[in-house]
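Report on the structure given below.
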Amino acid sequence: MTAAGGADPGLIDDLVAANRILYQEGVVDGFGHVSVRHNRDPGRFLLARSMAPGLVTAADILVFDRDGNAVDAGAPAAYLERFIHSEIYKARPDVQAVVHSHSPSVIPFGATAVALRPIYHMSGFLAGGAPVFEIRETAGEASDMLIRSPALGAALAKRLGAASVALMRGHGDVVVAESLKLAVFRAIYTEINARLEAEALRLGEGRVSFLTEAEAVAAAATNGAQVGRAWDLWKQKAMGGKP
Ligand code: MN
């Protein structure tokens, strides 16, 4: 029995793998986190204790309530930014998993007027674009940039709206999906898309042909059915063992 007793052990295993995969693929480093909605209580979610994602084991997974409080009163320290997760689950009943990272290639797109747009078919989920969250509008000019309160989490969730990805100016991004594996997939391809888009903007001297809205939507639908194939590869690489 882990600290997240009552949750599906398979879901806990997948959440551990998600942490390791996001580290392996360069989306998170010593910071960043990934959560999944509780399989038995949609008002709760599973998230590791405050620690580096690449080191997370099943024993580190905690249960949080809808306001971002650890359910177990004796729980170890939680991530300061757990309200990113709690407020998005509250605002988006369709969302089953949330990734927050400081995905490096994405940062420039939150800090400039250049929009993050789908440059190839693997990032069709960026159809409609990725809104940019400006923390100054809620926290003023002197915050430490962290989503450290429910009010800041709610403001971020509002800016995310119905999108799959929101950029956080001067900080990172948040990626959501209707499954944990798809959230991991999107977080990885958000990072890759940002890298490719920056390269294309340089190579094309600012003139780049992006996917149309219809192309992006169609590509996302096709890729959504193929996520398991990438997950199996990433998991083997991150966790070791046989395919
Ligand atoms: Mn952060």
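FYI, nothing fancy with the structure tokens labels: chains A, B, ... in order, residues from 1 per chain, ligands from 1 as they appear.
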Q.
Could you list the protein, DNA and RNA residues that have any atom within 9 Å of ligand 1, counting only C-alpha atoms and all ligand atoms, and write them as a list in words?
A.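 So the residues close to ligand 1 are Phe31, Gly32, His33, Leu80, Glu81, His100, Ser101, His102, Met145, Leu146, Ile147, Met168, His171, Gly172 and Asp173 of chain A.
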Next, dump the selected residues to file, keeping only C-alpha atoms, as a compact mmCIF listing (two decimals), in the first residue's frame.
```txt
# COMPACT_ATOMS: atom_id res chain seq x y z
CA PHE A 31 11.39 20.96 -11.41
CA GLY A 32 7.99 20.47 -12.99
CA HIS A 33 5.23 17.99 -12.18
CA LEU A 80 4.10 24.93 -4.07
CA GLU A 81 2.41 25.03 -7.47
CA HIS A 100 3.44 21.63 -15.67
CA SER A 101 6.99 22.23 -16.84
CA HIS A 102 9.62 24.81 -17.65
CA MET A 145 6.26 33.93 -10.86
CA LEU A 146 4.91 30.83 -9.11
CA ILE A 147 1.29 29.67 -9.09
CA MET A 168 3.17 31.02 -18.76
CA HIS A 171 8.02 30.64 -16.45
CA GLY A 172 6.91 27.64 -18.50
CA ASP A 173 3.72 26.02 -19.66
```
Find the residues of range 2-67 of chain A that sit at most 10 Å from range 190-203 of chain A; for each, write down the nearest two atoms and how far apart they are in Å, to one decimal. Count only C-alpha atoms. Sort by chain, then by number going up, and give it as CSV.
```
residue,atom,partner,partner_atom,distance
A:Glu25,CA,A:Glu191,CA,9.4
A:Gly26,CA,A:Glu191,CA,8.4
A:Val27,CA,A:Glu191,CA,6.8
```
Just to be explicit: take each residue in the selection above, keep N, CA, C and O atoms, and write the result as an mmCIF file, in the first residue's frame.
```cif
data_model
loop_
_atom_site.group_PDB
_atom_site.id
_atom_site.type_symbol
_atom_site.label_atom_id
_atom_site.label_comp_id
_atom_site.auth_asym_id
_atom_site.auth_seq_id
_atom_site.Cartn_x
_atom_site.Cartn_y
_atom_site.Cartn_z
ATOM 1 N N GLU A 25 12.796 12.774 -21.488
ATOM 2 C CA GLU A 25 12.613 13.452 -22.771
ATOM 3 C C GLU A 25 12.892 14.953 -22.703
ATOM 4 O O GLU A 25 12.654 15.678 -23.660
ATOM 5 N N GLY A 26 13.344 15.426 -21.556
ATOM 6 C CA GLY A 26 13.785 16.817 -21.475
ATOM 7 C C GLY A 26 12.685 17.846 -21.276
ATOM 8 O O GLY A 26 12.902 19.035 -21.491
ATOM 9 N N VAL A 27 11.502 17.386 -20.861
ATOM 10 C CA VAL A 27 10.400 18.334 -20.617
ATOM 11 C C VAL A 27 10.511 18.908 -19.207
ATOM 12 O O VAL A 27 10.346 20.112 -18.998
#
```
**Q.** 7 Å contact set for range 92-96 of chain A, only C-alpha atoms, chain neighbours under 6 positions out, as a PyMOL selection string
**A.** chain A and resi 36-37+176-180
Could you take the residues named above and write them with N, CA, C and O atoms, as a tab-separated table (two decimals), in the first residue's frame?
```
chain	number	residue	atom	x	y	z
A	36	VAL	N	-2.61	13.17	-12.27
A	36	VAL	CA	-3.72	12.49	-12.95
A	36	VAL	C	-4.92	12.50	-12.01
A	36	VAL	O	-4.78	12.42	-10.78
A	37	ARG	N	-6.10	12.62	-12.59
A	37	ARG	CA	-7.31	12.61	-11.79
A	37	ARG	C	-7.48	11.23	-11.14
A	37	ARG	O	-7.16	10.21	-11.75
A	176	VAL	N	-2.62	19.87	-20.93
A	176	VAL	CA	-3.69	19.02	-20.40
A	176	VAL	C	-4.18	18.06	-21.47
A	176	VAL	O	-3.99	18.29	-22.66
A	177	ALA	N	-4.85	16.99	-21.01
A	177	ALA	CA	-5.42	16.03	-21.96
A	177	ALA	C	-6.46	15.17	-21.25
A	177	ALA	O	-6.54	15.17	-20.01
A	178	GLU	N	-7.19	14.41	-22.05
A	178	GLU	CA	-8.23	13.53	-21.52
A	178	GLU	C	-7.66	12.19	-21.04
A	178	GLU	O	-8.42	11.33	-20.60
A	179	SER	N	-6.34	12.00	-21.15
A	179	SER	CA	-5.69	10.84	-20.54
A	179	SER	C	-4.27	11.22	-20.16
A	179	SER	O	-3.70	12.18	-20.69
A	180	LEU	N	-3.70	10.43	-19.25
A	180	LEU	CA	-2.33	10.69	-18.79
A	180	LEU	C	-1.33	10.51	-19.93
A	180	LEU	O	-0.43	11.34	-20.12
```
Q: Just the helix (DSSP H, G or I) stuff from range 92-241 of chain A, please, per backbone DSSP, written as a PyMOL selection string.
A: chain A and resi 104-111+121-126+136-139+150-160+180-203+213-224+227-239
Just C-alpha atoms for this one: save the residues we selected as a compact mmCIF listing (two decimals), in the first residue's frame.
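In the end it all went to result.txt:
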```
# COMPACT_ATOMS: atom_id res chain seq x y z
CA PRO A 104 12.99 25.20 -22.30
CA SER A 105 12.23 25.67 -26.00
CA VAL A 106 8.72 26.90 -25.15
CA ILE A 107 9.87 29.80 -22.96
CA PRO A 108 10.65 32.24 -25.83
CA PHE A 109 7.09 31.91 -27.16
CA GLY A 110 5.65 33.03 -23.82
CA ALA A 111 8.01 36.00 -23.68
CA HIS A 121 1.54 16.96 -37.80
CA MET A 122 2.76 15.65 -34.43
CA SER A 123 1.60 18.86 -32.77
CA GLY A 124 -1.83 19.13 -34.34
CA PHE A 125 -3.22 19.48 -30.80
CA LEU A 126 -1.93 23.06 -30.95
CA ARG A 136 1.21 40.31 -13.62
CA GLU A 137 -2.50 40.72 -14.32
CA THR A 138 -3.28 38.75 -11.15
CA ALA A 139 -0.18 38.98 -8.95
CA PRO A 150 -5.79 28.86 -5.59
CA ALA A 151 -6.56 32.35 -6.98
CA LEU A 152 -3.50 32.22 -9.26
CA GLY A 153 -4.38 28.67 -10.28
CA ALA A 154 -7.91 29.77 -11.16
CA ALA A 155 -6.58 32.68 -13.23
CA LEU A 156 -4.29 30.31 -15.13
CA ALA A 157 -7.13 27.84 -15.68
CA LYS A 158 -9.30 30.67 -17.01
CA ARG A 159 -6.58 31.70 -19.49
CA LEU A 160 -6.17 28.08 -20.60
CA LEU A 180 -2.33 10.69 -18.79
CA LYS A 181 -0.55 9.17 -21.77
CA LEU A 182 -1.92 11.83 -24.10
CA ALA A 183 -0.86 14.61 -21.71
CA VAL A 184 2.69 13.22 -21.71
CA PHE A 185 2.61 12.94 -25.51
CA ARG A 186 1.45 16.54 -25.84
CA ALA A 187 4.02 17.86 -23.39
CA ILE A 188 6.85 16.18 -25.32
CA TYR A 189 5.62 17.39 -28.70
CA THR A 190 4.99 20.91 -27.38
CA GLU A 191 8.71 21.09 -26.58
CA ILE A 192 9.69 19.66 -29.98
CA ASN A 193 7.27 21.93 -31.86
CA ALA A 194 8.72 25.00 -30.13
CA ARG A 195 12.25 23.96 -31.13
CA LEU A 196 11.26 23.29 -34.74
CA GLU A 197 9.23 26.47 -35.01
CA ALA A 198 12.14 28.60 -33.78
CA GLU A 199 14.44 26.88 -36.32
CA ALA A 200 11.94 27.40 -39.15
CA LEU A 201 11.47 31.06 -38.27
CA ARG A 202 15.24 31.54 -38.54
CA LEU A 203 15.64 29.49 -41.71
CA GLU A 213 -6.60 24.64 -38.58
CA ALA A 214 -8.24 21.73 -40.46
CA GLU A 215 -4.91 19.95 -41.01
CA ALA A 216 -4.02 20.33 -37.35
CA VAL A 217 -7.37 18.99 -36.15
CA ALA A 218 -7.22 16.03 -38.54
CA ALA A 219 -3.61 15.21 -37.59
CA ALA A 220 -4.42 15.39 -33.88
CA ALA A 221 -7.30 12.94 -34.33
CA THR A 222 -5.04 10.45 -36.12
CA ASN A 223 -2.19 10.79 -33.62
CA GLY A 224 -4.52 10.50 -30.65
CA VAL A 227 -0.24 7.40 -28.40
CA GLY A 228 0.34 3.91 -26.96
CA ARG A 229 3.07 3.22 -29.50
CA ALA A 230 5.13 6.22 -28.39
CA TRP A 231 4.34 5.62 -24.70
CA ASP A 232 5.70 2.05 -24.84
CA LEU A 233 8.98 3.28 -26.31
CA TRP A 234 9.36 6.20 -23.90
CA LYS A 235 8.49 4.01 -20.92
CA GLN A 236 11.04 1.37 -21.82
CA LYS A 237 13.71 4.03 -22.25
CA ALA A 238 12.83 5.78 -18.99
CA MET A 239 12.15 2.74 -16.78
```
**Q.** 8 Å contact set for Ala130 in chain A, only C-alpha atoms, chain neighbours under 5 positions out, as a PyMOL selection string
**A.** chain A and resi 115-117+160+163-167
Can I get the selection written as a PDB file, in the first residue's frame, with N, CA and C atoms?
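What landed in result.pdb:
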```pdb
ATOM      1  N   ALA A 115       3.667  33.634 -31.790  1.00  0.00           N
ATOM      2  CA  ALA A 115       2.726  32.625 -31.295  1.00  0.00           C
ATOM      3  C   ALA A 115       3.267  31.214 -31.520  1.00  0.00           C
ATOM      4  N   LEU A 116       3.017  30.334 -30.551  1.00  0.00           N
ATOM      5  CA  LEU A 116       3.319  28.907 -30.727  1.00  0.00           C
ATOM      6  C   LEU A 116       2.204  28.310 -31.573  1.00  0.00           C
ATOM      7  N   ARG A 117       2.579  27.794 -32.749  1.00  0.00           N
ATOM      8  CA  ARG A 117       1.585  27.246 -33.688  1.00  0.00           C
ATOM      9  C   ARG A 117       2.064  25.892 -34.194  1.00  0.00           C
ATOM     10  N   LEU A 160      -6.242  29.321 -19.806  1.00  0.00           N
ATOM     11  CA  LEU A 160      -6.169  28.078 -20.598  1.00  0.00           C
ATOM     12  C   LEU A 160      -7.454  27.881 -21.386  1.00  0.00           C
ATOM     13  N   ALA A 163      -8.277  25.219 -24.338  1.00  0.00           N
ATOM     14  CA  ALA A 163      -7.072  24.818 -25.075  1.00  0.00           C
ATOM     15  C   ALA A 163      -6.390  23.616 -24.429  1.00  0.00           C
ATOM     16  N   SER A 164      -5.433  23.025 -25.151  1.00  0.00           N
ATOM     17  CA  SER A 164      -4.632  21.910 -24.644  1.00  0.00           C
ATOM     18  C   SER A 164      -3.364  22.386 -23.963  1.00  0.00           C
ATOM     19  N   VAL A 165      -2.913  23.579 -24.338  1.00  0.00           N
ATOM     20  CA  VAL A 165      -1.643  24.110 -23.838  1.00  0.00           C
ATOM     21  C   VAL A 165      -1.809  25.588 -23.536  1.00  0.00           C
ATOM     22  N   ALA A 166      -1.288  26.031 -22.392  1.00  0.00           N
ATOM     23  CA  ALA A 166      -1.168  27.458 -22.101  1.00  0.00           C
ATOM     24  C   ALA A 166       0.279  27.751 -21.748  1.00  0.00           C
ATOM     25  N   LEU A 167       0.792  28.853 -22.275  1.00  0.00           N
ATOM     26  CA  LEU A 167       2.153  29.279 -21.961  1.00  0.00           C
ATOM     27  C   LEU A 167       2.095  30.230 -20.773  1.00  0.00           C
TER      28      LEU A 167
END
```
Q: Compile the contact shell of Tyr23 in chain A as a list in words: residues with an atom at most 7 Å away, counting only C-alpha atoms, same-chain residues fewer than 4 positions apart removed.
A: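 My reading of the contact set: Asn19, Val27, Val28, Asp29, Pro53 and Gly54 of chain A.
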For all heavy atoms, I'd like the residues from the last selection saved as a short mmCIF file (atom, residue, chain, number, x, y, z; two decimals), in the first residue's frame.
```
data_model
loop_
_atom_site.label_atom_id
_atom_site.label_comp_id
_atom_site.auth_asym_id
_atom_site.auth_seq_id
_atom_site.Cartn_x
_atom_site.Cartn_y
_atom_site.Cartn_z
N ASN A 19 6.30 10.63 -14.86
CA ASN A 19 7.34 11.47 -14.26
C ASN A 19 8.70 11.17 -14.88
O ASN A 19 9.45 12.08 -15.27
CB ASN A 19 7.41 11.23 -12.75
CG ASN A 19 6.41 12.06 -11.96
OD1 ASN A 19 6.69 13.20 -11.60
ND2 ASN A 19 5.24 11.50 -11.71
N VAL A 27 11.50 17.39 -20.86
CA VAL A 27 10.40 18.33 -20.62
C VAL A 27 10.51 18.91 -19.21
O VAL A 27 10.35 20.11 -19.00
CB VAL A 27 9.03 17.65 -20.82
CG1 VAL A 27 7.89 18.58 -20.42
CG2 VAL A 27 8.88 17.21 -22.27
N VAL A 28 10.77 18.06 -18.22
CA VAL A 28 11.01 18.52 -16.85
C VAL A 28 12.48 18.28 -16.51
O VAL A 28 13.17 17.50 -17.17
CB VAL A 28 10.09 17.78 -15.83
CG1 VAL A 28 8.63 18.03 -16.13
CG2 VAL A 28 10.39 16.28 -15.80
N ASP A 29 12.96 18.99 -15.48
CA ASP A 29 14.32 18.72 -14.99
C ASP A 29 14.21 18.45 -13.49
O ASP A 29 13.50 17.54 -13.09
CB ASP A 29 15.28 19.87 -15.35
CG ASP A 29 14.72 21.24 -15.01
OD1 ASP A 29 13.81 21.34 -14.16
OD2 ASP A 29 15.21 22.24 -15.57
N PRO A 53 11.05 15.12 -10.50
CA PRO A 53 10.21 14.12 -11.18
C PRO A 53 10.97 12.86 -11.60
O PRO A 53 10.40 11.77 -11.58
CB PRO A 53 9.69 14.87 -12.41
CG PRO A 53 9.85 16.31 -12.10
CD PRO A 53 10.98 16.44 -11.13
N GLY A 54 12.23 13.01 -11.95
CA GLY A 54 13.01 11.86 -12.43
C GLY A 54 13.29 10.83 -11.35
O GLY A 54 13.76 9.73 -11.65
#
```
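Distances here use only C-alpha atoms; by that measure, the residue among A:Phe210, A:Gly129, A:Gly170, A:Val175 closest to Ser35 in chain A is A:Val175.
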Q) Out of A:Val208, A:Val63, A:Ala73, A:Leu46, which residue has the shortest atom-to-atom distance to Pro118 in chain A when counting only C-alpha atoms? A) A:Val208
(Q) Please determine, counting only C-alpha atoms, which residue among A:Gly240, A:Gly204, A:Gly68, A:Gly30 has the shortest atom-to-atom distance to Phe45 in chain A. (A)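 The closest residue to Phe45 in chain A is A:Gly68.
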